[in-house]
$ cat entry-v7.txt   # compact mmCIF, C-alpha atoms
# COMPACT_ATOMS: atom_id res chain seq x y z
CA MET A 466 -12.36 82.57 -13.33
CA ALA A 467 -9.40 84.64 -12.17
CA VAL A 468 -6.96 86.46 -14.45
CA ILE A 469 -3.44 87.71 -13.71
CA VAL A 470 -3.44 91.50 -14.05
CA LYS A 471 -0.07 92.48 -12.60
CA ILE A 472 3.41 91.21 -11.87
CA ASN A 473 4.79 93.23 -8.95
CA GLU A 474 8.38 94.25 -8.23
CA LYS A 475 9.01 90.95 -6.42
CA GLY A 476 7.86 89.02 -9.46
CA GLU A 477 4.68 87.95 -7.69
CA PHE A 478 1.40 87.65 -9.55
CA GLU A 479 -1.62 89.72 -8.67
CA TYR A 480 -5.05 88.51 -9.70
CA GLY A 481 -8.26 90.09 -10.84
CA SER A 482 -11.71 88.53 -10.92
CA ILE A 483 -15.31 89.62 -11.16
CA LYS A 484 -15.91 87.42 -8.12
CA GLY A 485 -13.61 89.45 -5.89
CA LEU A 486 -10.24 88.73 -4.29
CA GLU A 487 -11.09 85.47 -2.52
CA LEU A 488 -9.73 82.89 -4.96
CA SER A 489 -9.41 79.14 -4.62
CA GLU A 490 -6.21 77.29 -5.48
CA ALA A 491 -7.94 75.88 -8.54
CA GLU A 492 -8.85 79.38 -9.76
CA GLN A 493 -5.29 80.60 -9.22
CA LYS A 494 -3.91 77.62 -11.12
CA LYS A 495 -6.24 78.27 -14.01
CA ALA A 496 -5.14 81.91 -14.08
CA LEU A 497 -1.49 80.81 -14.11
CA ASP A 498 -2.18 78.41 -16.95
CA LEU A 499 -3.88 81.19 -18.92
CA ASN A 500 -0.98 83.54 -18.24
CA ASN A 501 1.54 80.93 -19.40
CA ARG A 502 -0.47 80.32 -22.57
CA ILE A 503 -0.61 84.04 -23.30
CA LYS A 504 3.11 84.46 -22.64
CA LYS A 505 3.96 81.54 -24.93
CA GLU A 506 1.71 82.73 -27.77
CA MET A 507 2.93 86.33 -27.51
CA LEU A 508 6.55 85.17 -27.68
CA LYS A 509 5.81 83.25 -30.88
CA LEU A 510 3.91 86.21 -32.27
CA SER A 511 6.80 88.53 -31.42
CA ARG A 512 9.19 86.39 -33.44
CA LEU A 513 6.72 86.29 -36.31
CA VAL A 514 6.30 90.08 -36.28
CA LYS A 515 10.04 90.68 -36.38
CA HIS A 516 10.52 88.13 -39.15
CA ALA A 517 7.62 89.37 -41.27
CA LYS A 518 7.77 93.08 -40.44
CA ASN A 519 8.74 94.14 -43.97
CA LYS A 520 6.40 91.65 -45.61
CA LEU A 521 3.18 92.73 -43.93
CA ARG A 522 1.06 94.85 -46.25
CA ASN A 523 -0.28 97.21 -43.63
CA LYS A 524 -1.37 97.56 -40.00
CA VAL A 525 -4.57 95.66 -40.70
CA GLU A 526 -2.65 92.46 -41.42
CA LEU A 527 -0.54 92.96 -38.30
CA TYR A 528 -3.52 93.62 -36.05
CA TRP A 529 -5.64 90.89 -37.65
CA ASN A 530 -2.92 88.33 -36.81
CA PHE A 531 -2.84 89.67 -33.25
CA GLY A 532 -6.62 89.48 -32.93
CA TYR A 533 -6.70 85.98 -34.38
CA ILE A 534 -4.33 84.72 -31.65
CA LEU A 535 -6.32 86.54 -28.97
CA ARG A 536 -9.57 84.94 -30.14
CA ARG A 537 -7.99 81.48 -30.19
CA ILE A 538 -6.64 81.82 -26.65
CA PHE A 539 -9.91 83.32 -25.41
CA ASP A 540 -12.00 80.48 -26.82
CA GLU A 541 -9.69 77.56 -26.09
CA GLU A 542 -9.04 78.67 -22.50
CA SER A 543 -12.76 79.34 -21.92
CA VAL A 544 -12.24 82.86 -20.59
CA ASN A 545 -15.38 84.26 -19.02
CA PRO A 546 -16.75 86.94 -21.43
CA ALA A 547 -17.51 89.10 -18.39
CA GLU A 548 -13.77 89.19 -17.66
CA LYS A 549 -12.69 90.23 -21.12
CA LYS A 550 -11.24 93.53 -19.90
CA LEU A 551 -9.12 91.63 -17.36
CA PHE A 552 -8.00 89.38 -20.21
CA TRP A 553 -6.78 92.46 -22.11
CA ILE A 554 -4.67 93.45 -19.10
CA ASN A 555 -3.12 89.98 -18.90
CA VAL A 556 -2.27 90.07 -22.61
CA TRP A 557 -0.80 93.57 -22.23
CA LEU A 558 1.80 92.18 -19.80
CA HIS A 559 3.31 90.02 -22.54
CA ALA A 560 2.31 91.42 -25.95
CA PRO A 561 5.01 92.76 -28.30
CA LYS A 562 5.07 96.56 -28.26
CA GLU A 563 4.62 96.58 -32.05
CA LEU A 564 1.10 95.24 -31.55
CA LEU A 565 0.01 97.68 -28.88
CA ALA A 566 -1.48 101.16 -29.14
CA LYS A 567 -2.98 103.61 -26.69
CA ASP A 568 -6.67 103.07 -25.97
CA ARG A 569 -8.87 105.88 -27.25
CA GLY A 570 -11.32 105.70 -24.36
CA PRO A 571 -12.94 103.29 -21.87
CA ASN A 572 -14.90 101.62 -24.66
CA ARG A 573 -12.40 102.28 -27.43
CA ILE A 574 -9.86 99.63 -26.55
CA HIS A 575 -7.18 98.86 -29.11
CA MET A 576 -6.91 95.20 -28.17
CA ALA A 577 -10.69 94.78 -28.33
CA TYR A 578 -10.64 96.27 -31.83
CA CYS A 579 -7.98 93.76 -32.94
CA PHE A 580 -10.05 90.96 -31.40
CA ARG A 581 -13.16 92.13 -33.23
CA LEU A 582 -11.30 92.62 -36.51
CA ALA A 583 -10.18 88.97 -36.46
CA TRP A 584 -13.81 87.82 -36.54
CA TYR A 585 -13.76 88.84 -40.21
CA PRO A 586 -12.06 86.54 -42.73
CA LYS A 587 -8.58 87.92 -43.36
CA ASN A 588 -9.17 88.61 -47.05
CA ILE A 589 -12.23 90.70 -46.11
CA ALA A 590 -10.48 92.56 -43.29
CA LEU A 591 -7.67 93.63 -45.61
CA LYS A 592 -10.10 95.55 -47.82
CA ARG A 593 -10.05 98.45 -45.34
CA LYS A 594 -7.18 100.42 -43.88
CA TRP A 595 -6.77 100.37 -40.11
CA SER A 596 -7.83 104.02 -39.79
CA GLU A 597 -11.18 103.16 -41.37
CA TRP A 598 -11.69 100.18 -39.08
CA VAL A 599 -11.03 102.42 -36.09
CA TYR A 600 -13.44 105.04 -37.43
CA LEU A 601 -16.14 102.37 -37.72
CA PHE A 602 -15.54 100.77 -34.34
CA ASP A 603 -15.43 104.18 -32.65
CA SER A 604 -19.03 104.91 -33.66
CA PRO A 605 -21.26 104.65 -30.57
CA PHE A 606 -23.81 102.73 -32.65
CA ILE A 607 -21.26 100.13 -33.75
CA ASN A 608 -18.83 100.04 -30.84
CA GLY A 609 -20.92 97.74 -28.66
CA GLU A 610 -23.19 96.31 -31.35
CA SER A 611 -22.08 92.91 -32.64
CA ARG A 612 -25.03 92.67 -35.06
CA PHE A 613 -23.30 95.21 -37.28
CA ASP A 614 -20.45 92.86 -38.17
CA GLU A 615 -22.45 90.33 -40.19
CA TRP A 616 -24.18 93.09 -42.16
CA ASP A 617 -20.86 94.86 -42.70
CA LYS A 618 -19.12 91.69 -43.89
CA ALA A 619 -21.88 91.01 -46.44
CA LYS A 620 -21.67 94.56 -47.81
CA MET A 621 -17.88 94.34 -48.09
CA GLU A 622 -18.23 91.14 -50.10
CA LYS A 623 -20.89 92.47 -52.48
CA GLU A 624 -20.23 96.18 -53.06
CA LYS A 625 -16.74 97.45 -53.89
CA SER A 626 -17.65 101.09 -53.30
CA TYR A 627 -18.72 100.35 -49.73
CA VAL A 628 -15.12 100.08 -48.48
CA LEU A 629 -13.87 103.34 -50.01
CA ARG A 630 -12.51 105.74 -47.39
CA LYS A 631 -14.88 108.61 -48.21
CA ASN A 632 -17.87 106.24 -48.28
CA THR A 633 -16.97 104.58 -44.99
CA ARG A 634 -16.77 107.92 -43.20
CA LEU A 635 -19.91 109.29 -44.83
CA PHE A 636 -21.81 106.09 -44.01
CA ILE A 637 -20.94 106.48 -40.32
CA GLN A 638 -22.06 110.11 -40.35
CA CYS A 639 -25.38 109.06 -41.89
CA LEU A 640 -25.82 106.17 -39.47
CA ASN A 641 -25.06 108.33 -36.42
CA SER A 642 -27.62 110.90 -37.56
CA ILE A 643 -30.28 108.28 -38.32
CA LEU A 644 -29.97 106.49 -34.99
CA GLY A 645 -29.58 109.76 -33.06
CA ASN A 646 -30.19 109.10 -29.38
CA LYS A 647 -31.63 105.61 -29.91
CA ALA A 648 -30.15 102.65 -28.02
CA THR A 649 -29.51 99.84 -30.52
CA LYS A 650 -30.18 97.21 -27.82
CA ASP A 651 -33.81 98.32 -27.88
CA LEU A 652 -34.11 97.63 -31.62
CA SER A 653 -35.04 94.30 -33.17
CA ASP A 654 -32.70 92.71 -35.70
CA ASN A 655 -34.91 93.84 -38.59
CA GLU A 656 -35.19 97.40 -37.29
CA LEU A 657 -31.45 97.72 -36.84
CA LEU A 658 -30.59 96.17 -40.20
CA ARG A 659 -32.96 98.57 -41.96
CA CYS A 660 -31.14 101.45 -40.29
CA TYR A 661 -27.88 100.15 -41.71
CA ASP A 662 -29.51 99.74 -45.12
CA VAL A 663 -30.93 103.25 -45.20
CA ALA A 664 -27.65 104.78 -43.99
CA TRP A 665 -25.82 103.08 -46.85
CA GLN A 666 -28.49 104.04 -49.39
CA LEU A 667 -28.28 107.66 -48.25
CA THR A 668 -24.49 107.51 -48.56
CA LYS A 669 -24.73 106.30 -52.15
CA ASN A 670 -27.27 108.98 -53.02
CA LEU A 671 -25.11 111.73 -51.54
CA VAL A 672 -22.18 110.55 -53.65
CA LYS A 673 -24.34 110.14 -56.76
CA HIS A 674 -25.80 113.65 -56.47
CA LYS A 675 -22.37 115.12 -55.66
CA LYS A 676 -23.42 116.50 -52.30
CA LEU A 677 -20.05 115.81 -50.64
CA GLN A 678 -18.86 119.37 -51.20
CA VAL A 679 -21.86 120.97 -49.49
CA ALA A 680 -20.69 123.23 -46.69
CA ASP A 681 -21.36 121.87 -43.19
CA LEU A 682 -22.76 118.66 -44.69
CA LYS A 683 -22.44 116.75 -41.42
CA ASP A 684 -24.47 119.33 -39.46
CA LYS A 685 -27.06 119.66 -42.22
CA LEU A 686 -27.53 115.90 -42.39
CA LYS A 687 -28.06 115.72 -38.65
CA LYS A 688 -30.61 118.55 -38.68
CA ILE A 689 -32.58 117.32 -41.70
CA ILE A 690 -32.69 113.71 -40.53
CA HIS A 691 -33.87 114.85 -37.11
CA GLN A 692 -36.69 116.76 -38.80
CA LYS A 693 -37.62 113.60 -40.73
CA ASN A 694 -37.65 111.44 -37.61
CA ASN A 695 -41.16 110.19 -38.34
CA LEU A 696 -39.90 108.72 -41.62
CA ILE A 697 -37.17 106.81 -39.79
CA GLY A 698 -39.88 105.01 -37.82
CA GLY A 699 -41.50 104.05 -41.12
CA VAL A 700 -38.19 102.73 -42.44
CA MET A 701 -37.68 100.62 -39.32
CA ASP A 702 -41.17 99.17 -39.64
CA GLY A 703 -40.60 98.36 -43.30
CA GLU A 704 -43.40 100.71 -44.37
CA ILE A 705 -41.08 103.18 -46.12
CA ASP A 706 -38.55 102.13 -48.73
CA VAL A 707 -34.94 103.03 -47.93
CA ASP A 708 -34.48 104.72 -51.31
CA ARG A 709 -37.53 106.90 -50.73
CA PHE A 710 -36.11 108.03 -47.40
CA ALA A 711 -32.75 108.80 -49.00
CA GLN A 712 -34.44 110.83 -51.73
CA GLU A 713 -36.38 112.85 -49.16
CA ILE A 714 -33.14 113.79 -47.40
CA ILE A 715 -31.37 114.66 -50.66
CA LYS A 716 -34.16 117.10 -51.57
CA GLU A 717 -33.50 119.11 -48.42
CA ILE A 718 -29.74 119.45 -48.85
$ encode --input "entry-v7.txt" --output "structure tokens"
Amino acid sequence: MAVIVKINEKGEFEYGSIKGLELSEAEQKKALDLNNRIKKEMLKLSRLVKHAKNKLRNKVELYWNFGYILRRIFDEESVNPAEKKLFWINVWLHAPKELLAKDRGPNRIHMAYCFRLAWYPKNIALKRKWSEWVYLFDSPFINGESRFDEWDKAKMEKEKSYVLRKNTRLFIQCLNSILGNKATKDLSDNELLRCYDVAWQLTKNLVKHKKLQVADLKDKLKKIIHQKNNLIGGVMDGEIDVDRFAQEIIKEI
């Protein structure tokens, strides 16, 4: 399908599409309908934001509401997933400025983060501050990996310590070191989930053994885990227990 990506100085619409610039009347009409839906929903959201500005608990609630509307439009209007980035541009034309923020990179898109956040039930999403959500989504091993979300949601529901700021950041450091230069798309579900499990177990052990104050902890973790790369393979295969791996790393720090 086509998506409106610009309104020029004459008030004329300009379209974008993965198919190219040759668009049928039907495709243009569908793009106009989508644009009108976005404009209408953003206007309602703008009024809601202004009315509830002082009642919202934090940015997470604000951005979750934004993401929830984006997901509803995206699904109900049957936007082509391949044109999601064009969809962001169309939304940007009409979204209240209070909901927008500068993208942090080509794959670190604020609107995409809000969209992803709204997959989580609201009561779960509110357990983290926005800065922690951004820190998570920025990780190269989570940014484009949707399989993380289900695992993450389950951990947030079951373990209170998992959502603590220091634990969130340490978990990501552990995960980044464990996965190293691996491409998550090449890993099976079980292999990837075990990597998440061992990263969290290592995080808990580091906290338990009070290793957070170790100088250059991040660099040491990366070096030691790289040296134990053969054990990571065993963890992925289910041959090595996650706690055993975590203990081996702790010994070296």
$ closest_residue --input "entry-v7.txt" --among "A:Leu677, A:Val470, A:Leu658, A:Cys639" --to "A:Leu497" --atoms "all atoms listed in the file"
A:Val470
$ residues_around --input "entry-v7.txt" --residues "A:Cys579" --least-positions-apart "3" --cutoff "12 Å" --atoms "all atoms listed in the file" --output "PyMOL selection string"
chain A and resi 524-536+553+564-566+568+573-576+582-585+587+590+595+598-599+602
$ atom_distance --input "entry-v7.txt" --atom1 "atom CA of A:Lys647" --atom2 "atom CA of A:Ile690"
13.4 Å
$ atom_distance --input "entry-v7.txt" --atom1 "atom CA of A:Lys623" --atom2 "atom CA of A:Gln678"
27.0 Å
$ closest_residue --input "entry-v7.txt" --among "A:Leu635, A:His691, A:Ile589, A:Gly570" --to "A:Leu601" --atoms "all atoms listed in the file"
A:Leu635
$ atom_distance --input "entry-v7.txt" --atom1 "atom CA of A:Met466" --atom2 "atom CA of A:Leu486"
11.1 Å
$ axis_aligned_box --input "entry-v7.txt" --around "stretch 604-611 of chain A" --padding-each-side "5 Å" --output "JSON"
{"center_x": -21.3, "center_y": 98.9, "center_z": -31.2, "size_x": 15.0, "size_y": 22.0, "size_z": 15.1}
$ closest_residue --input "entry-v7.txt" --among "A:Glu624, A:Ser611, A:Ile718, A:Leu686" --to "A:Lys650" --atoms "only C-alpha atoms"
A:Ser611
$ closest_residue --input "entry-v7.txt" --among "A:Glu490, A:Asp662, A:Asp681, A:Asp540" --to "A:Phe580" --atoms "only C-alpha atoms"
A:Asp540
$ closest_residue --input "entry-v7.txt" --among "A:Ser489, A:Ala560, A:Phe613, A:Asn545" --to "A:Lys509" --atoms "only C-alpha atoms"
A:Ala560
$ closest_residue --input "entry-v7.txt" --among "A:Gln493, A:Arg612, A:Lys669, A:His559" --to "A:Leu508" --atoms "all atoms listed in the file"
A:His559
$ residues_near_point --input "entry-v7.txt" --point "(-41.8, 97.8, -42.2)" --cutoff "12 Å" --atoms "all atoms listed in the file" --output "ChimeraX atom specification"
/A:653,655-660,696-707
$ build_atoms --input "entry-v7.txt" --residues "stretch 678-710 of chain A" --atoms "N, CA and C atoms" --output "compact mmCIF listing (two decimals), keeping the file's coordinate frame"
# COMPACT_ATOMS: atom_id res chain seq x y z
N GLN A 678 -19.52 118.08 -51.34
CA GLN A 678 -18.86 119.37 -51.20
C GLN A 678 -19.76 120.42 -50.53
N VAL A 679 -20.95 120.03 -50.15
CA VAL A 679 -21.86 120.97 -49.49
C VAL A 679 -21.27 121.41 -48.15
N ALA A 680 -21.24 122.71 -47.93
CA ALA A 680 -20.69 123.23 -46.69
C ALA A 680 -21.47 122.72 -45.48
N ASP A 681 -20.74 122.37 -44.43
CA ASP A 681 -21.36 121.87 -43.19
C ASP A 681 -22.31 120.70 -43.44
N LEU A 682 -21.90 119.80 -44.33
CA LEU A 682 -22.76 118.66 -44.69
C LEU A 682 -23.15 117.83 -43.47
N LYS A 683 -22.19 117.58 -42.60
CA LYS A 683 -22.44 116.75 -41.42
C LYS A 683 -23.55 117.36 -40.56
N ASP A 684 -23.47 118.66 -40.30
CA ASP A 684 -24.47 119.33 -39.46
C ASP A 684 -25.83 119.38 -40.16
N LYS A 685 -25.80 119.60 -41.47
CA LYS A 685 -27.06 119.66 -42.22
C LYS A 685 -27.76 118.30 -42.23
N LEU A 686 -26.97 117.26 -42.41
CA LEU A 686 -27.53 115.90 -42.39
C LEU A 686 -28.22 115.64 -41.06
N LYS A 687 -27.52 115.96 -39.99
CA LYS A 687 -28.06 115.72 -38.65
C LYS A 687 -29.38 116.47 -38.45
N LYS A 688 -29.41 117.72 -38.87
CA LYS A 688 -30.61 118.55 -38.68
C LYS A 688 -31.77 118.04 -39.52
N ILE A 689 -31.50 117.76 -40.79
CA ILE A 689 -32.58 117.32 -41.70
C ILE A 689 -33.13 115.96 -41.28
N ILE A 690 -32.24 115.04 -40.94
CA ILE A 690 -32.69 113.71 -40.53
C ILE A 690 -33.50 113.78 -39.24
N HIS A 691 -33.10 114.67 -38.35
CA HIS A 691 -33.87 114.85 -37.11
C HIS A 691 -35.28 115.34 -37.43
N GLN A 692 -35.38 116.23 -38.40
CA GLN A 692 -36.69 116.76 -38.80
C GLN A 692 -37.56 115.68 -39.45
N LYS A 693 -36.91 114.69 -40.05
CA LYS A 693 -37.62 113.60 -40.73
C LYS A 693 -37.73 112.35 -39.83
N ASN A 694 -37.68 112.57 -38.55
CA ASN A 694 -37.65 111.44 -37.61
C ASN A 694 -38.84 110.50 -37.77
N ASN A 695 -39.97 111.05 -38.15
CA ASN A 695 -41.16 110.19 -38.34
C ASN A 695 -40.96 109.20 -39.49
N LEU A 696 -40.18 109.61 -40.50
CA LEU A 696 -39.90 108.72 -41.62
C LEU A 696 -38.98 107.58 -41.21
N ILE A 697 -38.09 107.85 -40.27
CA ILE A 697 -37.17 106.81 -39.79
C ILE A 697 -37.96 105.67 -39.15
N GLY A 698 -39.01 106.03 -38.41
CA GLY A 698 -39.88 105.01 -37.82
C GLY A 698 -40.51 104.15 -38.90
N GLY A 699 -40.91 104.78 -40.00
CA GLY A 699 -41.50 104.05 -41.12
C GLY A 699 -40.50 103.12 -41.78
N VAL A 700 -39.26 103.57 -41.88
CA VAL A 700 -38.19 102.73 -42.44
C VAL A 700 -37.98 101.50 -41.56
N MET A 701 -37.90 101.72 -40.27
CA MET A 701 -37.68 100.62 -39.32
C MET A 701 -38.79 99.59 -39.38
N ASP A 702 -40.01 100.07 -39.58
CA ASP A 702 -41.17 99.17 -39.64
C ASP A 702 -41.32 98.50 -41.00
N GLY A 703 -40.51 98.93 -41.95
CA GLY A 703 -40.60 98.36 -43.30
C GLY A 703 -41.70 98.97 -44.13
N GLU A 704 -42.29 100.08 -43.66
CA GLU A 704 -43.40 100.71 -44.37
C GLU A 704 -42.90 101.72 -45.40
N ILE A 705 -41.66 102.20 -45.21
CA ILE A 705 -41.08 103.18 -46.12
C ILE A 705 -39.81 102.60 -46.72
N ASP A 706 -39.72 102.65 -48.02
CA ASP A 706 -38.55 102.13 -48.73
C ASP A 706 -37.30 102.97 -48.41
N VAL A 707 -36.16 102.32 -48.30
CA VAL A 707 -34.94 103.03 -47.93
C VAL A 707 -34.56 104.06 -48.99
N ASP A 708 -34.83 103.76 -50.25
CA ASP A 708 -34.48 104.72 -51.31
C ASP A 708 -35.36 105.96 -51.23
N ARG A 709 -36.63 105.75 -50.88
CA ARG A 709 -37.53 106.90 -50.73
C ARG A 709 -37.04 107.82 -49.62
N PHE A 710 -36.62 107.23 -48.52
CA PHE A 710 -36.11 108.03 -47.40
C PHE A 710 -34.88 108.82 -47.85
